[in-house]
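Peer 1: Structure file entry_3.csv (CSV, N, CA and C atoms) right here:
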chain,number,residue,atom,x,y,z
P,1,MET,N,81.5,-125.0,-38.2
P,1,MET,CA,80.6,-123.9,-37.8
P,1,MET,C,79.8,-123.5,-39.0
P,2,ARG,N,78.6,-123.1,-38.7
P,2,ARG,CA,77.7,-122.7,-39.8
P,2,ARG,C,77.4,-121.2,-39.7
P,3,GLY,N,77.3,-120.6,-40.8
P,3,GLY,CA,76.8,-119.2,-40.8
P,3,GLY,C,77.4,-118.3,-39.9
P,4,GLY,N,78.7,-118.3,-39.6
P,4,GLY,CA,79.4,-117.4,-38.8
P,4,GLY,C,79.3,-117.7,-37.3
P,5,GLU,N,78.7,-118.8,-36.9
P,5,GLU,CA,78.6,-119.2,-35.5
P,5,GLU,C,80.0,-119.5,-35.0
P,6,ALA,N,80.2,-119.1,-33.7
P,6,ALA,CA,81.5,-119.4,-33.1
P,6,ALA,C,81.3,-119.6,-31.6
P,7,TRP,N,82.1,-120.5,-31.0
P,7,TRP,CA,82.0,-120.7,-29.6
P,7,TRP,C,82.8,-119.6,-28.9
P,8,LEU,N,82.4,-119.2,-27.7
P,8,LEU,CA,83.1,-118.2,-27.0
P,8,LEU,C,84.4,-118.9,-26.4
P,9,PHE,N,84.2,-120.1,-25.9
P,9,PHE,CA,85.4,-120.9,-25.4
P,9,PHE,C,85.4,-122.2,-26.1
P,10,PRO,N,86.0,-122.2,-27.3
P,10,PRO,CA,86.0,-123.5,-28.2
P,10,PRO,C,87.0,-124.5,-27.7
P,11,ASN,N,86.8,-125.7,-28.1
P,11,ASN,CA,87.9,-126.8,-27.8
P,11,ASN,C,89.0,-126.6,-28.8
P,12,GLU,N,90.0,-127.5,-28.8
P,12,GLU,CA,91.2,-127.3,-29.7
P,12,GLU,C,90.8,-127.4,-31.2
P,13,THR,N,89.8,-128.1,-31.5
P,13,THR,CA,89.4,-128.2,-32.9
P,13,THR,C,88.4,-127.2,-33.4
P,14,LEU,N,88.0,-126.3,-32.4
P,14,LEU,CA,87.1,-125.2,-32.7
P,14,LEU,C,85.7,-125.6,-33.1
P,15,ASP,N,85.3,-126.9,-32.9
P,15,ASP,CA,84.0,-127.3,-33.4
P,15,ASP,C,83.0,-127.5,-32.2
P,16,LYS,N,83.4,-127.4,-31.0
P,16,LYS,CA,82.6,-127.6,-29.8
P,16,LYS,C,83.1,-126.7,-28.7
P,17,PRO,N,82.2,-126.4,-27.7
P,17,PRO,CA,82.7,-125.7,-26.6
P,17,PRO,C,83.7,-126.5,-25.8
P,18,ILE,N,84.6,-125.9,-25.1
P,18,ILE,CA,85.6,-126.6,-24.3
P,18,ILE,C,84.8,-127.1,-23.0
P,19,LEU,N,85.1,-128.2,-22.5
P,19,LEU,CA,84.5,-128.8,-21.3
P,19,LEU,C,85.1,-128.2,-20.1
P,20,LYS,N,84.3,-127.9,-19.1
P,20,LYS,CA,84.7,-127.3,-17.9
P,20,LYS,C,85.8,-128.1,-17.2
P,21,ASP,N,85.7,-129.4,-17.3
P,21,ASP,CA,86.8,-130.3,-16.7
P,21,ASP,C,88.1,-130.1,-17.4
P,22,ASN,N,88.1,-129.9,-18.7
P,22,ASN,CA,89.3,-129.6,-19.4
P,22,ASN,C,90.0,-128.3,-19.0
P,23,ILE,N,89.2,-127.3,-18.8
P,23,ILE,CA,89.7,-126.0,-18.3
P,23,ILE,C,90.3,-126.2,-16.9
P,24,TRP,N,89.6,-126.9,-16.1
P,24,TRP,CA,90.1,-127.1,-14.7
P,24,TRP,C,91.4,-127.9,-14.8
P,25,THR,N,91.5,-129.0,-15.5
P,25,THR,CA,92.7,-129.8,-15.6
P,25,THR,C,93.8,-129.1,-16.2
P,26,ARG,N,93.6,-128.4,-17.3
P,26,ARG,CA,94.7,-127.8,-18.0
P,26,ARG,C,95.2,-126.5,-17.4
P,27,ASN,N,94.3,-125.7,-16.8
P,27,ASN,CA,94.6,-124.4,-16.4
P,27,ASN,C,94.8,-124.2,-14.9
P,28,PHE,N,93.9,-124.8,-14.1
P,28,PHE,CA,93.9,-124.6,-12.7
P,28,PHE,C,94.8,-125.5,-12.0
P,29,VAL,N,94.7,-126.8,-12.3
P,29,VAL,CA,95.4,-127.8,-11.6
P,29,VAL,C,96.9,-127.6,-11.6
P,30,PRO,N,97.5,-127.3,-12.8
P,30,PRO,CA,99.0,-127.0,-12.7
P,30,PRO,C,99.4,-125.9,-11.8
P,31,GLN,N,98.6,-124.8,-11.8
P,31,GLN,CA,98.9,-123.7,-11.0
P,31,GLN,C,98.7,-124.0,-9.5
P,32,LEU,N,97.7,-124.8,-9.2
P,32,LEU,CA,97.5,-125.2,-7.8
P,32,LEU,C,98.6,-126.2,-7.3
P,33,ARG,N,99.0,-127.1,-8.2
P,33,ARG,CA,100.1,-128.0,-7.9
P,33,ARG,C,101.4,-127.3,-7.6
P,34,ALA,N,101.6,-126.2,-8.4
P,34,ALA,CA,102.9,-125.5,-8.3
P,34,ALA,C,103.0,-124.8,-6.9
P,35,ILE,N,101.9,-124.5,-6.3
P,35,ILE,CA,101.9,-123.9,-5.0
P,35,ILE,C,101.5,-124.8,-3.8
P,36,GLY,N,101.5,-126.1,-4.1
P,36,GLY,CA,101.2,-127.1,-3.1
P,36,GLY,C,99.7,-127.2,-2.7
P,37,MET,N,98.8,-126.7,-3.6
P,37,MET,CA,97.4,-126.7,-3.3
P,37,MET,C,96.6,-127.6,-4.2
P,38,GLU,N,97.2,-128.7,-4.6
P,38,GLU,CA,96.5,-129.6,-5.6
P,38,GLU,C,95.3,-130.2,-5.0
P,39,TRP,N,95.1,-130.2,-3.7
P,39,TRP,CA,93.9,-130.7,-3.0
P,39,TRP,C,92.7,-129.8,-3.2
P,40,ALA,N,92.9,-128.5,-3.6
P,40,ALA,CA,91.8,-127.6,-3.8
P,40,ALA,C,91.0,-128.0,-5.0
P,41,ASN,N,89.7,-127.8,-4.9
P,41,ASN,CA,88.8,-128.1,-6.0
P,41,ASN,C,88.0,-126.8,-6.3
P,42,PHE,N,87.0,-127.0,-7.2
P,42,PHE,CA,86.2,-125.9,-7.7
P,42,PHE,C,85.4,-125.3,-6.5
P,43,GLN,N,84.9,-126.1,-5.6
P,43,GLN,CA,84.1,-125.6,-4.5
P,43,GLN,C,85.0,-124.8,-3.5
P,44,VAL,N,86.2,-125.2,-3.4
P,44,VAL,CA,87.1,-124.4,-2.5
P,44,VAL,C,87.3,-123.0,-3.1
P,45,MET,N,87.5,-123.0,-4.5
P,45,MET,CA,87.7,-121.7,-5.1
P,45,MET,C,86.4,-120.8,-5.0
P,46,ARG,N,85.2,-121.4,-5.1
P,46,ARG,CA,84.0,-120.6,-4.9
P,46,ARG,C,83.9,-120.1,-3.4
P,47,ARG,N,84.2,-120.9,-2.5
P,47,ARG,CA,84.1,-120.5,-1.1
P,47,ARG,C,85.2,-119.4,-0.8
P,48,THR,N,86.4,-119.6,-1.4
P,48,THR,CA,87.4,-118.6,-1.2
P,48,THR,C,87.0,-117.2,-1.8
P,49,PHE,N,86.4,-117.3,-3.0
P,49,PHE,CA,85.9,-116.0,-3.6
P,49,PHE,C,84.8,-115.4,-2.7
P,50,ALA,N,83.9,-116.2,-2.3
P,50,ALA,CA,82.8,-115.6,-1.5
P,50,ALA,C,83.3,-115.0,-0.2
P,51,THR,N,84.2,-115.7,0.5
P,51,THR,CA,84.7,-115.3,1.8
P,51,THR,C,85.5,-114.0,1.6
P,52,LEU,N,86.4,-114.0,0.6
P,52,LEU,CA,87.3,-112.8,0.5
P,52,LEU,C,86.5,-111.6,0.0
P,53,THR,N,85.5,-111.8,-0.9
P,53,THR,CA,84.7,-110.6,-1.3
P,53,THR,C,83.8,-110.1,-0.1
P,54,LYS,N,83.4,-111.0,0.7
P,54,LYS,CA,82.6,-110.6,1.9
P,54,LYS,C,83.6,-109.8,2.8
P,55,ARG,N,84.8,-110.3,3.0
P,55,ARG,CA,85.7,-109.7,3.9
P,55,ARG,C,86.1,-108.3,3.5
P,56,VAL,N,86.1,-108.0,2.2
P,56,VAL,CA,86.5,-106.7,1.7
P,56,VAL,C,85.3,-105.8,1.5
P,57,GLY,N,84.1,-106.3,1.9
P,57,GLY,CA,82.9,-105.4,1.9
P,57,GLY,C,82.0,-105.4,0.7
P,58,VAL,N,82.2,-106.4,-0.2
P,58,VAL,CA,81.3,-106.5,-1.4
P,58,VAL,C,80.0,-106.9,-0.9
P,59,ASP,N,78.9,-106.2,-1.3
P,59,ASP,CA,77.6,-106.5,-0.7
P,59,ASP,C,77.1,-107.9,-1.2
P,60,PRO,N,76.2,-108.5,-0.4
P,60,PRO,CA,75.8,-109.9,-0.6
P,60,PRO,C,75.1,-110.0,-2.0
P,61,HIS,N,74.3,-109.0,-2.5
P,61,HIS,CA,73.7,-109.1,-3.7
P,61,HIS,C,74.7,-109.2,-4.9
P,62,THR,N,75.7,-108.4,-4.8
P,62,THR,CA,76.7,-108.4,-5.9
P,62,THR,C,77.5,-109.7,-5.9
P,63,ARG,N,77.9,-110.2,-4.7
P,63,ARG,CA,78.6,-111.5,-4.6
P,63,ARG,C,77.7,-112.6,-5.2
P,64,SER,N,76.4,-112.6,-4.8
P,64,SER,CA,75.5,-113.7,-5.3
P,64,SER,C,75.4,-113.6,-6.8
P,65,ALA,N,75.2,-112.4,-7.3
P,65,ALA,CA,75.1,-112.3,-8.8
P,65,ALA,C,76.3,-112.8,-9.5
P,66,GLN,N,77.5,-112.4,-9.0
P,66,GLN,CA,78.7,-112.9,-9.6
P,66,GLN,C,78.9,-114.4,-9.6
P,67,MET,N,78.4,-115.0,-8.5
P,67,MET,CA,78.5,-116.5,-8.4
P,67,MET,C,77.3,-117.2,-9.0
P,68,GLY,N,76.3,-116.5,-9.3
P,68,GLY,CA,75.1,-117.2,-9.9
P,68,GLY,C,74.2,-117.9,-9.0
P,69,ASN,N,74.1,-117.4,-7.8
P,69,ASN,CA,73.2,-118.1,-6.8
P,69,ASN,C,72.5,-117.0,-6.0
P,70,THR,N,71.7,-117.5,-5.1
P,70,THR,CA,70.9,-116.5,-4.3
P,70,THR,C,71.7,-116.0,-3.1
P,71,VAL,N,71.3,-114.9,-2.5
P,71,VAL,CA,71.9,-114.3,-1.3
P,71,VAL,C,72.0,-115.4,-0.2
P,72,ASP,N,70.9,-116.1,-0.1
P,72,ASP,CA,70.8,-117.1,1.0
P,72,ASP,C,71.9,-118.2,0.8
P,73,VAL,N,72.0,-118.7,-0.4
P,73,VAL,CA,73.1,-119.7,-0.7
P,73,VAL,C,74.4,-119.1,-0.5
P,74,ASN,N,74.6,-117.9,-0.9
P,74,ASN,CA,76.0,-117.3,-0.8
P,74,ASN,C,76.3,-117.1,0.6
P,75,GLU,N,75.4,-116.5,1.4
P,75,GLU,CA,75.7,-116.3,2.8
P,75,GLU,C,75.8,-117.5,3.7
P,76,ASN,N,75.0,-118.5,3.4
P,76,ASN,CA,74.9,-119.7,4.3
P,76,ASN,C,75.6,-120.9,3.8
P,77,VAL,N,76.1,-120.9,2.6
P,77,VAL,CA,76.9,-122.1,2.1
P,77,VAL,C,78.3,-121.7,1.8
P,78,TYR,N,78.5,-120.6,1.1
P,78,TYR,CA,79.9,-120.2,0.6
P,78,TYR,C,80.6,-119.3,1.4
P,79,ALA,N,80.1,-118.2,1.8
P,79,ALA,CA,80.8,-117.1,2.6
P,79,ALA,C,81.0,-117.5,4.0
P,80,VAL,N,82.3,-117.5,4.5
P,80,VAL,CA,82.6,-117.8,5.8
P,80,VAL,C,82.9,-116.6,6.6
P,81,THR,N,82.3,-116.4,7.7
P,81,THR,CA,82.7,-115.2,8.5
P,81,THR,C,84.0,-115.5,9.3
P,82,GLN,N,84.9,-114.5,9.1
P,82,GLN,CA,86.2,-114.7,9.7
P,82,GLN,C,86.2,-114.5,11.2
P,83,LEU,N,87.1,-115.2,11.9
P,83,LEU,CA,87.2,-115.1,13.3
P,83,LEU,C,87.3,-113.7,13.8
P,84,GLN,N,88.2,-112.9,13.2
P,84,GLN,CA,88.3,-111.5,13.7
P,84,GLN,C,87.0,-110.7,13.6
P,85,ASP,N,86.2,-111.0,12.6
P,85,ASP,CA,84.9,-110.4,12.5
P,85,ASP,C,83.9,-110.8,13.6
P,86,LYS,N,84.0,-112.1,14.0
P,86,LYS,CA,83.2,-112.6,15.1
P,86,LYS,C,83.6,-112.0,16.4
P,87,LEU,N,84.9,-111.8,16.6
P,87,LEU,CA,85.5,-111.2,17.8
P,87,LEU,C,85.0,-109.7,17.9
P,88,ALA,N,85.1,-109.0,16.7
P,88,ALA,CA,84.7,-107.6,16.7
P,88,ALA,C,83.2,-107.5,17.1
P,89,ALA,N,82.4,-108.4,16.6
P,89,ALA,CA,80.9,-108.4,17.0
P,89,ALA,C,80.7,-108.6,18.5
P,90,VAL,N,81.5,-109.5,19.1
P,90,VAL,CA,81.4,-109.8,20.5
P,90,VAL,C,81.8,-108.5,21.3
P,91,ARG,N,82.9,-107.9,20.8
P,91,ARG,CA,83.4,-106.7,21.5
P,91,ARG,C,82.4,-105.5,21.5
P,92,LYS,N,81.7,-105.4,20.3
P,92,LYS,CA,80.7,-104.4,20.2
P,92,LYS,C,79.6,-104.7,21.2
P,93,LEU,N,79.1,-105.9,21.3
P,93,LEU,CA,78.1,-106.3,22.2
P,93,LEU,C,78.5,-106.0,23.7
P,94,GLU,N,79.8,-106.4,24.0
P,94,GLU,CA,80.3,-106.1,25.3
P,94,GLU,C,80.2,-104.7,25.7
P,95,THR,N,80.6,-103.8,24.7
P,95,THR,CA,80.6,-102.4,25.0
P,95,THR,C,79.1,-101.9,25.3
P,96,VAL,N,78.2,-102.4,24.5
P,96,VAL,CA,76.8,-102.0,24.7
P,96,VAL,C,76.3,-102.5,26.0
P,97,VAL,N,76.6,-103.7,26.4
P,97,VAL,CA,76.1,-104.2,27.7
P,97,VAL,C,76.8,-103.5,28.8
P,98,ARG,N,78.0,-103.2,28.8
P,98,ARG,CA,78.7,-102.4,29.9
P,98,ARG,C,78.3,-101.0,29.9
P,99,ASN,N,78.2,-100.3,28.8
P,99,ASN,CA,78.0,-98.8,28.8
P,99,ASN,C,76.7,-98.4,28.3
P,100,GLY,N,75.8,-99.2,27.9
P,100,GLY,CA,74.6,-98.8,27.3
P,100,GLY,C,74.9,-98.5,25.9
P,101,ASP,N,73.9,-98.0,25.2
P,101,ASP,CA,74.1,-97.7,23.7
P,101,ASP,C,74.7,-96.4,23.5
P,102,ASP,N,76.0,-96.2,23.9
P,102,ASP,CA,76.7,-94.9,23.8
P,102,ASP,C,77.6,-94.8,22.6
P,103,GLU,N,77.4,-95.7,21.6
P,103,GLU,CA,78.2,-95.7,20.4
P,103,GLU,C,77.8,-94.5,19.5
P,104,GLU,N,76.5,-94.1,19.6
P,104,GLU,CA,76.0,-93.0,18.8
P,104,GLU,C,76.3,-91.7,19.6
P,105,PRO,N,76.6,-90.6,18.9
P,105,PRO,CA,76.8,-89.4,19.7
P,105,PRO,C,75.4,-88.9,20.2
P,106,SER,N,75.4,-88.4,21.4
P,106,SER,CA,74.2,-87.9,22.0
P,106,SER,C,73.6,-86.8,21.2
P,107,LYS,N,72.2,-86.7,21.2
P,107,LYS,CA,71.6,-85.7,20.4
P,107,LYS,C,70.9,-84.6,21.3
P,108,ASP,N,71.7,-84.2,22.3
P,108,ASP,CA,71.2,-83.2,23.2
P,108,ASP,C,71.2,-81.8,22.7
Output the file's structure as structure tokens, nothing else.
Peer 2:
Amino acid sequence: MRGGEAWLFPNETLDKPILKDNIWTRNFVPQLRAIGMEWANFQVMRRTFATLTKRVGVDPHTRSAQMGNTVDVNENVYAVTQLQDKLAAVRKLETVVRNGDDEEPSKD
């Protein structure tokens, strides 16, 4: 290292940054193997993060910023809408079709 330079995530000899594949192999794979999920890869982790943060109500812009992609990519590639959310949407539509738009209190 020259003049006080340092890597945020150095390799074992501290002279280069650690490779992302080394982090995955050394840190993630053993944990995934221990719980029987050795089949999971980095894309699975991204999709899981996007889906769970969507499920708990994190807004699309924040999710996208944290993942380093656009809202379009986050919503259409990574985040999966859960079945219970799809069913809730259908039930709301059924209510409106049967009863009219009476979800809002009347303003009489």
Peer 1: I'd like the contact shell of Ala50 in chain P - 6 Å cut-off, all atoms listed in the file, skipping same-chain residues fewer than 6 positions apart - returned as a list in words.
Peer 2: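 Answer for this query is Tyr78, Ala79 and Val80 of chain P.
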Peer 1: Report, in Å with one decimal, the straight-line distance from atom C of Arg26 in chain P to atom C of Gln66 in chain P.
Peer 2: 21.7 Å
Peer 1: Could you pull out the helix (DSSP H, G or I) residues of chain P, going by DSSP on the backbone, and write them as a PyMOL selection string?
Peer 2: chain P and resi 20-34+42-55+60-67+71-78+83-99
Peer 1: May I ask for the distance between CA of Thr62 in chain P and CA of Asn74 in chain P, given in Å to one decimal place?
Peer 2: 10.3 Å
Peer 1: With only N, CA and C atoms as the atoms that count, which of P:Asn11, P:Gln82, P:Asn27, P:Asn76 lies nearest to Lys54 in chain P?
Peer 2: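 Once distances to Lys54 in chain P are computed over only N, CA and C atoms, the minimum belongs to P:Gln82.
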Peer 1: Provide the CA of Phe49 in chain P to CA of Met67 in chain P distance in Å, to one decimal place.
Peer 2: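 For CA of Phe49 in chain P relative to CA of Met67 in chain P, the distance reads 8.8 Å.
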Peer 1: Using all atoms listed in the file, which protein or nucleic acid residues come within 7 Å of Pro17 in chain P? Drop anything in the same chain fewer than 6 positions from it, and give the result as an NGL selection string.
Peer 2: :P and (7-11)
Peer 1: Do a neighbour search on range 83-95 of chain P at 12 Å with only C-alpha atoms, toss out local chain neighbours closer than 3 positions, and write the hits as a ChimeraX atom specification.
Peer 2: /P:51,54-57,80,98-103
Peer 1: Find the residue from P:Val96, P:Ile23, P:Val29, P:Val77 that sits nearest to Arg47 in chain P; use all atoms listed in the file when measuring.
Peer 2: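 Between P:Val96, P:Ile23, P:Val29, P:Val77, the residue approaching Arg47 in chain P most closely is P:Val77.
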Peer 1: Padding of 4 Å on every side, edges along x, y and z, all listed atoms of range 57-62 of chain P included: what centre and edge lengths in Å, to one decimal, does that box have, as lines of an AutoDock Vina configuration file?
Peer 2:
center_x = 78.9
center_y = -107.7
center_z = -2.0
size_x = 18.4
size_y = 12.6
size_z = 15.8
